[in-house]
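Peer 1: Quick one: this structure, given as structure tokens, is what I'll be asking you about.
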Amino acid sequence: MAQVPEGGGGGGGKGKKRAKKGSTHIDMTPMVDLAFLLLTFFILTTTMYKPSSLQMTYPVPPKPDDPPPPPTQLSNAVTLLLTKNDQIFYYKGEFRKEATEKGPPTTLTQTNFKDVQKLLVENNKQTVAKLNEVAKEFNEKKITEDEYNEKRKAIKGDKDNLKAIIKTDADAKYRNMIDMVDEMDISGIGSYGVVDKLKPEEQALLDVEKAKL
């Protein structure tokens with residue numbers, strides 16, 4: 001608190017008396033107590049930051065006596081190549097270096113993170129519609145949360161759904177891969193893989209497109 005000591009009158013004797021100026025003293029003890037009280041309050045009520053990590057599930061390697069797995073069908077798959085300047089190049093189906101009976105040689109199409117979600121949803125319409133229907137049932141409380149999660153998992157695990165392969169080259173940012181994995185969940189793609197190395201023929205095609213950026 002502020003204290004102003006009272007002073008006496010001016011000097012004695014004859015003549016005009018001058019008022020003696022008092023000095024102001026501020027007691028900072030209550031201010032210090034308040035600061036420590038606020039500090040303690042914020043320490044006890046603040047949620048500490050917990051670092052998050054991206055969890056990736058890798059397939060179990062086959063045993064030596066296991067039969068060879070059937071060839072992977074890529075007819076309903078999209079391969080996304082992430083590169084510099086937050087750009088994405090993609091192609092659908094299998095990669096063909098040259099024209100075959102299945103179709104012409106593979107060419108890359110350019111997109112970006114602003115438009116890639118629209119691309120994925122457009123090629124995965126049926127799955128997205130089913131997921132939206134299940135979400136509607138859950139919001140209307142027609143099914144429980146456990147039933148909702150089970151149905152969502154079953155829909156995304158359908159073998160006929162769109163599949164995605166995410167590949168990054170040396171110029172891609174780590175953040176780009178994380179963002180793309182988030183897009184997989186938003187677009188209802190339950191089967192996807194992340195590869196940090198491109199095939200030589202894919203890299204050759206990508207280098208041609210990167211030169212135009």
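To be explicit about the labels: the chains of the structure tokens are called A, B, and onward in the order shown, and within each one the residues are counted from 1, while ligands get numbers from 1 in the order they are shown.
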Using only C-alpha atoms, what does the table of segment 131-189 of chain A residues within 8 Å of segment 74-79 of chain A look like, with each row giving the shortest atom pair and its distance in Å to one decimal, sorted by chain and ascending number, as a tab-separated table?

Peer 2:
residue	atom	partner	partner_atom	distance
A:Asp160	CA	A:Asn76	CA	7.6
A:Asn161	CA	A:Asn76	CA	7.4
A:Leu162	CA	A:Asn76	CA	5.5
A:Lys163	CA	A:Ala77	CA	4.5
A:Ala164	CA	A:Val78	CA	4.9
A:Ile165	CA	A:Thr79	CA	4.6
A:Ile166	CA	A:Thr79	CA	6.1
A:Lys167	CA	A:Thr79	CA	7.4

Peer 1: Write down as a ChimeraX atom specification the residues belonging to segment 120-207 of chain A that are assigned alpha helix (DSSP H) by DSSP computed on the backbone.

Peer 2: /A:120-122,125-139,145-156,174-186,200-207

Peer 1: From the options A:Asp169, A:His25, A:Glu150, A:Val121, which residue's atoms come nearest to Ala135 of chain A, counting only C-alpha atoms?

Peer 2: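 Among the listed residues, A:Glu150 lies closest to Ala135 of chain A.
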
Peer 1: With only C-alpha atoms as the basis for distance, which of A:Ile186, A:Lys63, A:Glu201, A:Gln87 is at the shortest distance from Gln117 of chain A?

Peer 2: A:Ile186

Peer 1: Considering only C-alpha atoms, state which residue in the set A:Met177, A:Thr144, A:Asn85, A:Gly188 is at the smallest distance from Asn132 of chain A.

Peer 2: A:Gly188

Peer 1: Record the distance separating atom CA of Glu140 of chain A and atom CA of Glu183 of chain A, expressed in Å with one decimal.

Peer 2: 25.8 Å
